[in-house]
Every structure is written in C-alpha cells, then in structure tokens.
Amino acid sequence: MDPLLQAFGLVFDPFVLAVIGLSAVFGMFVGAMPGLTATMATALLVPVTFFMPPVPALGAIVTATTMAIFAGDIPGAMLRMPGTPASAAYADESYAMTQKGQLNLCMGANLVFSVGGGLIGVAVLIGFAPMLAEVAINFSSYEYFWLACLGLTCAVFMSNADPVKGFLSLFFGLLLATVGIDPAAGFPRFTFDDVNLMGGVNFIATMIGMFAVSELMRGAVTVDLVTRAVPQAVGSLFRGLGDVTRRYWWNFLRGSFIGTAIGALPGAGADIAAWISYAVSKRFSKQPEKFGTGEVEGIVDATSANNSALGSAWIPALVFGIPGDSITAIVIGVLYMKGMNPGPTVFQENPQLIYSVFLIFILANIIMLPLGWAAIKSARQILRVPRNLLLPVILLFCLVGSFAMTNSLYGVVLMLAMGILGWIMEEHGIPIAPLILGLVLGEMLEQTFVQSMIKADGAFLEFFSRPIAGSLGVFTLLIWLVMLGRGFRRAPVPAAA
Amino acid sequence: MRLNDALLGAILLGFAGWIWWLTSFFPSFPGQDYGPNLFPRILATGIGLCALVLVLRGVRNRAPLLVVEGWVVQPRRVISFLLIPLAALAYILVSDPLGFIPTAFLLLLGLSLWFQARPLVALPVAAGMTFLVHWFFAGLMRVPLPRGVLDSVL
C-alpha cells in the first residue's frame with residue numbers, strides 16, 4: 001500500500017485523534033502558564049505516551065509543543081510575562097500594544113502568523129527531510145562524527161550564554177552519557193557497582209528533573225506573589241488583520257524563513273529564532289524607533305519565527321538523529337524507545353511513520369486556529385488557576401513520570417538529583433540545553449569517534465578525507481576558532497554583568 | 001545563590017581530576033589502542049580547561065565568594081524552596097512502605113496548604129488528583145505504583 005495512504009489511516013484513527021485533541025488542550029494550558037515551558041510539557045508527556053504506539057506518542061508531542069509555543073504569547077501580551085521562553089523576545093512589545101488598547105490585534109496577529117509560520121516550517125520539513133535522507137544514506141562514521149560535533153557546537157554557539165559555561169555544560173552531558181556499559185568493550189564505566197547505573201543515566205528522568213523540578217524550585221519561592229489582573233479580549237480578534245498582512249507580508253515570510261533556518265540548525269530552537277528575527281526586523285525596519293512602543297511589525301516577524309522553528313527542528317532529528325532543539329532531543333529519545341532509531345534508514349523502512357509526523361504537524365497547525373481563539377478568549381480563566389495548587393500537582397506528575405520511566409525509585413532519585421543540579425547550573429549562568437544534547441548524542445559521538453580512530457589508525461587527517469566529512473570538519477573547526485576568539489575577548493567582563 | 005567563578009572553577013577542577021583518576025582503573029585491551037578510558041579522559045580534560053578559565057577569570061574579577069538573592073533571608077520562602085526537593089525525597093523514602101495513594105495525597109495536601117491554599121479547595125484537589133493519577137498510571141498504563149498499606153484493599 002502507498003505509504004501516504006497508510007499514514008492517513010494511522011493518523012485519522014479515533015484514538016490518535018483523541019490523543020491529539022487532549023495534547024492540544026494540555027499544550028495550550030502549559031504554554032499559557034508562565035513558568036511552565038514547552039520543553040517541560042514534552043518531558044511530562046513522555047511517560048504518559050510511553051506505552052502508546054509510535055504515531056499517537058509522536059502526535060502528542062508534536063501537537064502539545066505547537067500549541068505551547070503559540071500559547072506562550074498570551075500571557076506575554078496580557079501580563080508582560082512570557083508563557084514560554086520562545087515568547088520572551090517580544091513580550092514587552094506585546095504588552096505595550098495591550099496598553100495602547102490593541103490587545104485584540106496583538107493576539108489575532110500572534111495567532112494567525114503563528115499558524116502561518118508553523119505551516120511554512122512544516123512545508124520545509126516535508127520538502128527537505130526526505131531529500132537530505134537520500135544524501136545521508138551514504139554517510140560514514142566520519143560524517144556522523146563531524147555532524148555530532150557540529151550539532152553540539154551549535155548548541156553552545158547559539159545560546160546567549162558564556163561559551164566557557166556552555167562547553168562545561170556540554171562536556172558534563174557527554175560525561176553523563178558515558179555512564180553505564182561502554183559500547184565498544186562492554187566495560188561498565190562510572191557505575192559504582194550500582195545495577196541501575198549499568199543501564200546508563202535515564203534520559204527522560206533527567207529531562208524531567210532539569211526542566212521541571214528545577215523550575216518548580218524557582219516557582220516555589222514566588223508562589224505567594226499576587227498576580228496582576230488579566231485584561232479580557234473582547235470582540236473580534238481578526239479585525240484589522242487584513243491590513244497588517246498587506247503591510248507586513250514580507251516580515252511574515254522573512255520571520256518564517258529565519259525561524260525555519262535556525263530551527264533546522266542543530267541545537268538552536270524557537271526561543272533563539274524569536275530573538276534573532278525580532279532583531280532582524282528592527283534592523284531592517286523603516287521605523288526602528290517605534291520598536292518597543294507597541295508596534296505589530298516586530299511581533300509579526302518573531303511570532304512567525306518561533307512556530308516555524310518547531311517543524312524544521314525535526315529535520316536534523318529525523319534524518320541524522322541530531323536534535324534541532326531540546327524538544328527534539330526528547331523526540332529522539334522517544335524514537336529510540338519505540339525501536340525506530342532516527343537516521344536516513346527510517347525514511348526507507350518506515351516512510352508511513354514519517355508521513356504521519358508530517359500530517360500531524362499540518363493538522364496541529366490547523367486546529368491551532370480555533371483552539372488558540374478559545375484559549376485567548378478564556379485566558380482570564382486559564383491564568384486564574386491558582387499556582388499554589390498547580391505546583392504540587394506538577395510535582396506529583398514529575399514523581400510518577402520518572403518512576404514510570406524506570407519502574408523503580410531509581411528514576412525518582414535521578415530526577416531529584418538532576419533537578420537540584422539543574423537549579424545550581426541555572427543559578428551560575430550555565431545553560432542546560434547543551435547538557436541535554438550531550439547526553440543524547442554522547443553515545444553516537446563516542447562510537448563514531450572510536451570507530452573513525454580505529455579505521456584511520458590514529459591518523460586524524462583521515463577524518464577530513466571524504467568530501468562531505470572534510471567540509472563539515474573544516475566548518476566545525478572554524479566555529480571553534482571563532483568561539484575561542486570570542487571567549488578571549490569576553491574574559492575581562494565582570495561576573496556581575 | 002551563586003558561587004564566585006574562581007571557587008566554582010576550583011570545585012570543577014577537582015571533579016575533572018577525580019574523573020581522570022576513576023578512568024585509570026579502566027582496563028586496557030591488548031591490540032586495541034582506543035579503550036574505554038579514551039573518551040572520558042578527553043571530556044575530563046575539557047572540563048578541566050573550562051574550569052581553569054573560570055578560576056583565572058574569577059581571580060581577576062575579585063567578585064564576592066558567594067552572592068545570594070533577597071529571598072534567602074525570608075524563612076518562609078526558603079522553606080517553600082526546600083519543600084520541593086524535600087517532598088521528592090519524602091516520596092522516595094516513604095512511598096514504598098506507605099503506598100502511592102496515601103503518600104501522594106499527603107504530599108499534595110501538605111504542599112498546597114503550605115502554599116496557602118484554602119483547605120476546602122486543597123482537600124478535594126489533593127484527593128481527586130491522587131485518584132486520577134493512580135487510575136491513569138496504575139490502572140491504564142500498568143505502572144507498578146507501590147500499594148503499601150492499601151495492599152489488601154486494592
């Protein structure tokens with residue numbers, strides 16, 4: 001049977017549709033609550049989808065993240081508090097629009113251009129991923145080694161943090177990945193004779209700790225602070241949008257393509273896409289002085305960008321097994337758990353699954369229009385959910401979720417340790433994302449490195465002997481040089497800055 | 001709460017040294033030049049180099065050894081903060097003997113009351129969420145949540 005038809009059959013199944021619907025509501029809620037991020041939503045979803053077949057499991061993640069990235073715009077405009085980090089770039093601008101009495105226009109633009117940007121990201125994913133997969137089928141360990149290096153380097157390079165601290169986080173993640181039975185010699189490393197550690201550091205329990213527990217610890221400190229009154233969006237959200245589209249169609253396209261490109265880069269996701277496209281919008285605007293005073297122009301760019309980055313982040317994840325952002329890092333973990341190891345062969349062996357992911361992406365962006373409208377209209381009720389009840393409930397989900405991943409308390413212990421570590425790291429300005437990517441890619445990096453070293457018999461120049469590997473290698477080394485230079489120039493900056 | 005870069009770097013330098021020391025017990029295999037200790041040693045070196053930069057930078061900046069935020073002097077907030085990891089620790093210690101349902105219920109109730117939720121709201125939410133989570137994970141997904149004292153009832 002044609003794989004596309006098969007995919008339709010897989011997606012338009014009552015159970016899958018129900019999962020998609022529920023995840024959409026969940027994603028909207030998590031995205032709209034300040035302090036709960038899209039990554040956290042994904043980490044908490046994985047235990048729930050653990051026993052499902054691949055299509056509903058991936059469908060839940062795709063839908064929830066799509067909704068969460070849009071929903072993050074809602075409290076940004078209403079409370080000046082971005083719901084997810086991806087909306088932080090333009091929360092001030094949105095709030096300024098609200099104060100000018102343009103809440104409806106702001107929310108309408110956020111919704112419509114999020115959908116538009118999301119669809120462009122998906123279109124690029126559909127167009128490029130299978131093409132890249134055909135090229136990637138010929139890759140050897142050299143290419144994969146450089147790709148993994150490039151992906152990990154991008155994760156450090158693209159984050160706004162200090163490169164030294166970024167690399168620290170990355171090395172630490174890679175080191176965590178070496179815990180357990182060594183893939184080449186079968187020797188248990190850093191296990192301290194503990195049976196649980198022999199199987200390695202459980203990735204999902206780590207994610208839940210780093211992204212949820214550390215966030216709860218931060219949230220607990222401010223739980224008693226009173227939230228401001230939420231303004232209500234009354235009337236049509238879509239009035240005036242035709243005019244905005246006519247004036248800023250170029251911003252929409254530019255934002256979407258910048259977002260798509262950044263999303264496809266390994267290690268950089270929706271939040272960085274939003275910051276960069278907002279900055280680009282300001283740089284090339286005819287009236288840059290109006291930025292920050294409540295102008296819709298920059299919002300159009302950035303809100304298209306963060307949603308378009310979501311889809312394209314799946315390109316390196318599906319084709320190379322290299323995550324485009326921390327959400328797809330989880331996706332790769334899920335793919336391995338479901339026995340469909342990401343890589344170019346998935347496109348040949350299970351094309352119907354790949355097509356299903358594409359279909360769910362399109363579906364999610366389409367249902368975002370009515371659901372987003374409903375979320376905006378009921379924002380006052382959503383944001384009124386008391387945090388003093390929500391925090392304990394999320395903690396319970398974390399506990400049960402990490403327990404379910406290992407079916408033992410080992411998962412919970414790991415989650416707690418990683419939660420505390422994540423909190424300490426954030427306090428010291430050490431970014432978490434590189435650690436997560438290191439943990440996901442560690443095994444692949446080590447395996448391809450050792451394989452290549454054995455093949456080359458220690459001659460490092462062999463790593464550059466194939467054309468694609470050579471170009472990737474030179475490119476990676478160039479980025480390292482740039483970062484080294486940047487690190488030296490940055491060094492004298494006082495720590496307080 | 002933030003340590004001075006120099007102090008943080010020194011701790012990490014020690015950590016890198018410890019990792020290197022641990023790898024020295026890894027076996028090497030005759031005829032195989034690249035054993036299980038190669039990759040961890042590269043990483044330990046990387047961490048050590050980053051730590052060294054932090055130490056140099058910290059010494060040059062002469063920042064205070066420890067910077068704390070304002071909430072650290074407010075006992076109530078400190079307790080709120082500590083309660084999250086402590087609650088997880090409590091779950092690890094008592095969920096097995098006590099069972100999932102009582103542990104989760106007490107945990108939810110205790111935390112939300114500490115966070116100043118009204119008892120009339122906190123009680124039904126704690127009970128409802130406990131049963132919902134138990135139904136979903138233990139019932140639908142067959143996760144072996146501990147039964148504890150309710151073993152005979154469930």
# chains A, B, ... in the order shown; residues from 1 in each chain; ligands from 1
call {"tool": "interface_residues", "arguments": {"of": "chain A", "to": "chain B", "cutoff": "6 Å", "atoms": "only C-alpha atoms", "output": "list in words"}}
result
Val164, Leu168, Phe171, Met217, Ala220, Val221, Asn388, Leu389, Pro392, Ala404, Glu427, His428 and Pro494 of chain A
call {"tool": "write_last_selection", "arguments": {"atoms": "N, CA and C atoms", "output": "compact mmCIF listing (two decimals), in the first residue's frame"}}
result
# COMPACT_ATOMS: atom_id res chain seq x y z
N VAL A 164 32.36 29.48 27.67
CA VAL A 164 33.06 28.58 28.59
C VAL A 164 32.04 27.75 29.38
N LEU A 168 31.22 23.74 29.34
CA LEU A 168 31.19 22.98 30.59
C LEU A 168 29.97 22.10 30.64
N PHE A 171 30.26 19.24 28.05
CA PHE A 171 31.17 18.16 28.47
C PHE A 171 30.52 17.33 29.58
N MET A 217 11.31 24.50 41.79
CA MET A 217 12.04 25.07 42.91
C MET A 217 12.08 26.59 42.80
N ALA A 220 8.49 27.89 43.51
CA ALA A 220 8.02 27.80 44.89
C ALA A 220 8.38 29.06 45.68
N VAL A 221 9.48 29.69 45.29
CA VAL A 221 9.92 30.89 46.02
C VAL A 221 8.93 32.03 45.82
N ASN A 388 -0.67 27.83 43.73
CA ASN A 388 -0.40 27.06 44.93
C ASN A 388 -0.98 25.65 44.86
N LEU A 389 -1.95 25.43 43.96
CA LEU A 389 -2.45 24.07 43.73
C LEU A 389 -1.71 23.41 42.58
N PRO A 392 2.13 21.74 43.40
CA PRO A 392 2.17 20.37 43.94
C PRO A 392 1.72 19.32 42.92
N ALA A 404 7.70 5.94 36.35
CA ALA A 404 7.20 5.10 35.26
C ALA A 404 8.28 4.81 34.22
N GLU A 427 21.55 28.90 38.29
CA GLU A 427 21.99 29.97 39.20
C GLU A 427 23.36 30.50 38.80
N HIS A 428 24.19 29.63 38.22
CA HIS A 428 25.54 30.05 37.86
C HIS A 428 25.66 30.43 36.39
N PRO A 494 33.25 41.69 33.93
CA PRO A 494 32.99 41.28 35.31
C PRO A 494 31.82 40.30 35.40
call {"tool": "select_by_dssp", "arguments": {"residues": "segment 28-66 of chain B", "states": "alpha helix (DSSP H)", "output": "list in words"}}
result
Leu38, Phe39, Pro40, Arg41, Ile42, Leu43, Ala44, Thr45, Gly46, Ile47, Gly48, Leu49, Cys50, Ala51, Leu52, Val53, Leu54, Val55, Leu56, Arg57, Gly58, Val59, Arg60 and Asn61 of chain B
call {"tool": "atom_distance", "arguments": {"atom1": "atom CA of Ala71 of chain A", "atom2": "atom CA of Ala313 of chain A"}}
result
19.0 Å
call {"tool": "select_by_dssp", "arguments": {"residues": "chain B", "states": "strand (DSSP E or B)", "output": "list in words"}}
result
Arg2, Leu3, Leu66 and Val67 of chain B
call {"tool": "closest_residue", "arguments": {"among": "A:Ile61, A:Ile394, A:Leu10, A:Ile327", "to": "Gly219 of chain A", "atoms": "only C-alpha atoms"}}
result
A:Ile394
call {"tool": "closest_residue", "arguments": {"among": "B:Leu154, B:Ile101, B:Gly70, B:Gly148", "to": "Gly128 of chain B", "atoms": "only C-alpha atoms"}}
result
B:Ile101
call {"tool": "closest_residue", "arguments": {"among": "B:Leu52, B:Ala90, B:Gly139, B:Ile11", "to": "Val413 of chain A", "atoms": "only C-alpha atoms"}}
result
B:Ala90
call {"tool": "closest_residue", "arguments": {"among": "A:Trp373, A:Phe70, A:Phe203, A:Tyr278", "to": "Ser326 of chain A", "atoms": "only C-alpha atoms"}}
result
A:Phe203
call {"tool": "closest_residue", "arguments": {"among": "B:Leu7, B:Leu123, B:Leu106, B:Val149", "to": "Leu65 of chain B", "atoms": "only C-alpha atoms"}}
result
B:Leu7
call {"tool": "decode", "arguments": {"residues": "segment 285-331 of chain A", "atoms": "N, CA and C atoms", "output": "mmCIF file, in the first residue's frame"}}
result
data_model
loop_
_atom_site.group_PDB
_atom_site.id
_atom_site.type_symbol
_atom_site.label_atom_id
_atom_site.label_comp_id
_atom_site.auth_asym_id
_atom_site.auth_seq_id
_atom_site.Cartn_x
_atom_site.Cartn_y
_atom_site.Cartn_z
ATOM 1 N N SER A 285 13.789 47.634 9.622
ATOM 2 C CA SER A 285 12.509 48.325 9.601
ATOM 3 C C SER A 285 12.683 49.754 9.084
ATOM 4 N N LYS A 286 11.601 50.272 8.476
ATOM 5 C CA LYS A 286 11.639 51.674 8.034
ATOM 6 C C LYS A 286 11.494 52.605 9.230
ATOM 7 N N GLN A 287 10.907 52.065 10.328
ATOM 8 C CA GLN A 287 10.722 52.912 11.509
ATOM 9 C C GLN A 287 11.199 52.194 12.765
ATOM 10 N N PRO A 288 12.523 51.969 12.863
ATOM 11 C CA PRO A 288 13.026 51.208 14.018
ATOM 12 C C PRO A 288 12.768 51.916 15.342
ATOM 13 N N GLU A 289 12.561 53.232 15.300
ATOM 14 C CA GLU A 289 12.358 53.947 16.572
ATOM 15 C C GLU A 289 11.044 53.562 17.231
ATOM 16 N N LYS A 290 10.117 52.978 16.439
ATOM 17 C CA LYS A 290 8.822 52.604 17.025
ATOM 18 C C LYS A 290 8.859 51.259 17.739
ATOM 19 N N PHE A 291 9.968 50.518 17.582
ATOM 20 C CA PHE A 291 10.056 49.212 18.237
ATOM 21 C C PHE A 291 10.113 49.379 19.748
ATOM 22 N N GLY A 292 9.285 48.603 20.432
ATOM 23 C CA GLY A 292 9.232 48.700 21.882
ATOM 24 C C GLY A 292 8.104 49.581 22.364
ATOM 25 N N THR A 293 7.444 50.274 21.422
ATOM 26 C CA THR A 293 6.353 51.156 21.830
ATOM 27 C C THR A 293 4.998 50.525 21.521
ATOM 28 N N GLY A 294 4.979 49.256 21.169
ATOM 29 C CA GLY A 294 3.697 48.623 20.872
ATOM 30 C C GLY A 294 3.389 48.621 19.390
ATOM 31 N N GLU A 295 4.369 48.231 18.575
ATOM 32 C CA GLU A 295 4.157 48.130 17.129
ATOM 33 C C GLU A 295 4.053 46.656 16.747
ATOM 34 N N VAL A 296 3.157 46.350 15.818
ATOM 35 C CA VAL A 296 2.913 44.959 15.480
ATOM 36 C C VAL A 296 4.020 44.387 14.577
ATOM 37 N N GLU A 297 4.804 45.269 13.975
ATOM 38 C CA GLU A 297 5.764 44.834 12.954
ATOM 39 C C GLU A 297 6.724 43.741 13.455
ATOM 40 N N GLY A 298 7.423 44.016 14.558
ATOM 41 C CA GLY A 298 8.390 43.046 15.075
ATOM 42 C C GLY A 298 7.712 41.779 15.558
ATOM 43 N N ILE A 299 6.486 41.923 16.052
ATOM 44 C CA ILE A 299 5.753 40.753 16.548
ATOM 45 C C ILE A 299 5.467 39.796 15.391
ATOM 46 N N VAL A 300 5.098 40.352 14.238
ATOM 47 C CA VAL A 300 4.810 39.507 13.077
ATOM 48 C C VAL A 300 6.033 38.652 12.746
ATOM 49 N N ASP A 301 7.193 39.277 12.699
ATOM 50 C CA ASP A 301 8.433 38.538 12.417
ATOM 51 C C ASP A 301 8.665 37.429 13.436
ATOM 52 N N ALA A 302 8.632 37.821 14.722
ATOM 53 C CA ALA A 302 9.091 36.893 15.761
ATOM 54 C C ALA A 302 8.087 35.780 16.024
ATOM 55 N N THR A 303 6.801 36.102 15.967
ATOM 56 C CA THR A 303 5.818 35.068 16.262
ATOM 57 C C THR A 303 5.747 34.044 15.119
ATOM 58 N N SER A 304 6.026 34.474 13.891
ATOM 59 C CA SER A 304 6.117 33.509 12.793
ATOM 60 C C SER A 304 7.350 32.647 12.984
ATOM 61 N N ALA A 305 8.434 33.295 13.427
ATOM 62 C CA ALA A 305 9.714 32.589 13.516
ATOM 63 C C ALA A 305 9.674 31.464 14.540
ATOM 64 N N ASN A 306 9.121 31.729 15.747
ATOM 65 C CA ASN A 306 9.237 30.672 16.755
ATOM 66 C C ASN A 306 8.399 29.459 16.389
ATOM 67 N N ASN A 307 7.254 29.663 15.742
ATOM 68 C CA ASN A 307 6.478 28.485 15.348
ATOM 69 C C ASN A 307 7.082 27.749 14.154
ATOM 70 N N SER A 308 7.711 28.510 13.241
ATOM 71 C CA SER A 308 8.297 27.818 12.084
ATOM 72 C C SER A 308 9.521 27.001 12.507
ATOM 73 N N ALA A 309 10.193 27.443 13.583
ATOM 74 C CA ALA A 309 11.384 26.712 14.037
ATOM 75 C C ALA A 309 11.026 25.321 14.548
ATOM 76 N N LEU A 310 9.807 25.166 15.058
ATOM 77 C CA LEU A 310 9.395 23.877 15.627
ATOM 78 C C LEU A 310 9.461 22.755 14.602
ATOM 79 N N GLY A 311 8.880 23.026 13.419
ATOM 80 C CA GLY A 311 8.830 21.985 12.397
ATOM 81 C C GLY A 311 10.200 21.653 11.857
ATOM 82 N N SER A 312 10.993 22.706 11.558
ATOM 83 C CA SER A 312 12.277 22.435 10.911
ATOM 84 C C SER A 312 13.270 21.802 11.882
ATOM 85 N N ALA A 313 13.031 21.951 13.209
ATOM 86 C CA ALA A 313 13.929 21.305 14.173
ATOM 87 C C ALA A 313 13.884 19.789 14.021
ATOM 88 N N TRP A 314 12.816 19.279 13.427
ATOM 89 C CA TRP A 314 12.699 17.833 13.230
ATOM 90 C C TRP A 314 13.566 17.346 12.074
ATOM 91 N N ILE A 315 14.047 18.248 11.208
ATOM 92 C CA ILE A 315 14.842 17.797 10.052
ATOM 93 C C ILE A 315 16.110 17.082 10.520
ATOM 94 N N PRO A 316 17.009 17.766 11.282
ATOM 95 C CA PRO A 316 18.210 17.031 11.701
ATOM 96 C C PRO A 316 17.882 15.871 12.633
ATOM 97 N N ALA A 317 16.783 16.009 13.400
ATOM 98 C CA ALA A 317 16.428 14.950 14.346
ATOM 99 C C ALA A 317 16.068 13.671 13.603
ATOM 100 N N LEU A 318 15.208 13.787 12.581
ATOM 101 C CA LEU A 318 14.768 12.589 11.876
ATOM 102 C C LEU A 318 15.849 12.056 10.946
ATOM 103 N N VAL A 319 16.565 12.951 10.263
ATOM 104 C CA VAL A 319 17.495 12.500 9.232
ATOM 105 C C VAL A 319 18.810 11.998 9.825
ATOM 106 N N PHE A 320 19.356 12.740 10.811
ATOM 107 C CA PHE A 320 20.671 12.364 11.344
ATOM 108 C C PHE A 320 20.606 11.835 12.769
ATOM 109 N N GLY A 321 19.456 11.990 13.415
ATOM 110 C CA GLY A 321 19.408 11.654 14.829
ATOM 111 C C GLY A 321 20.082 12.705 15.685
ATOM 112 N N ILE A 322 20.213 13.924 15.138
ATOM 113 C CA ILE A 322 20.825 15.023 15.887
ATOM 114 C C ILE A 322 19.738 16.046 16.197
ATOM 115 N N PRO A 323 19.461 16.315 17.457
ATOM 116 C CA PRO A 323 18.319 17.158 17.791
ATOM 117 C C PRO A 323 18.503 18.610 17.362
ATOM 118 N N GLY A 324 17.420 19.219 16.860
ATOM 119 C CA GLY A 324 17.450 20.625 16.496
ATOM 120 C C GLY A 324 17.248 21.525 17.701
ATOM 121 N N ASP A 325 16.637 21.037 18.758
ATOM 122 C CA ASP A 325 16.438 21.821 19.978
ATOM 123 C C ASP A 325 16.174 20.844 21.122
ATOM 124 N N SER A 326 15.881 21.357 22.304
ATOM 125 C CA SER A 326 15.742 20.416 23.425
ATOM 126 C C SER A 326 14.460 19.585 23.298
ATOM 127 N N ILE A 327 13.445 20.103 22.584
ATOM 128 C CA ILE A 327 12.226 19.300 22.402
ATOM 129 C C ILE A 327 12.530 18.090 21.521
ATOM 130 N N THR A 328 13.214 18.323 20.399
ATOM 131 C CA THR A 328 13.511 17.188 19.527
ATOM 132 C C THR A 328 14.541 16.264 20.165
ATOM 133 N N ALA A 329 15.312 16.772 21.140
ATOM 134 C CA ALA A 329 16.191 15.866 21.889
ATOM 135 C C ALA A 329 15.343 14.804 22.574
ATOM 136 N N ILE A 330 14.216 15.238 23.142
ATOM 137 C CA ILE A 330 13.311 14.268 23.783
ATOM 138 C C ILE A 330 12.729 13.341 22.720
ATOM 139 N N VAL A 331 12.361 13.927 21.566
ATOM 140 C CA VAL A 331 11.764 13.126 20.499
ATOM 141 C C VAL A 331 12.704 11.993 20.095
#
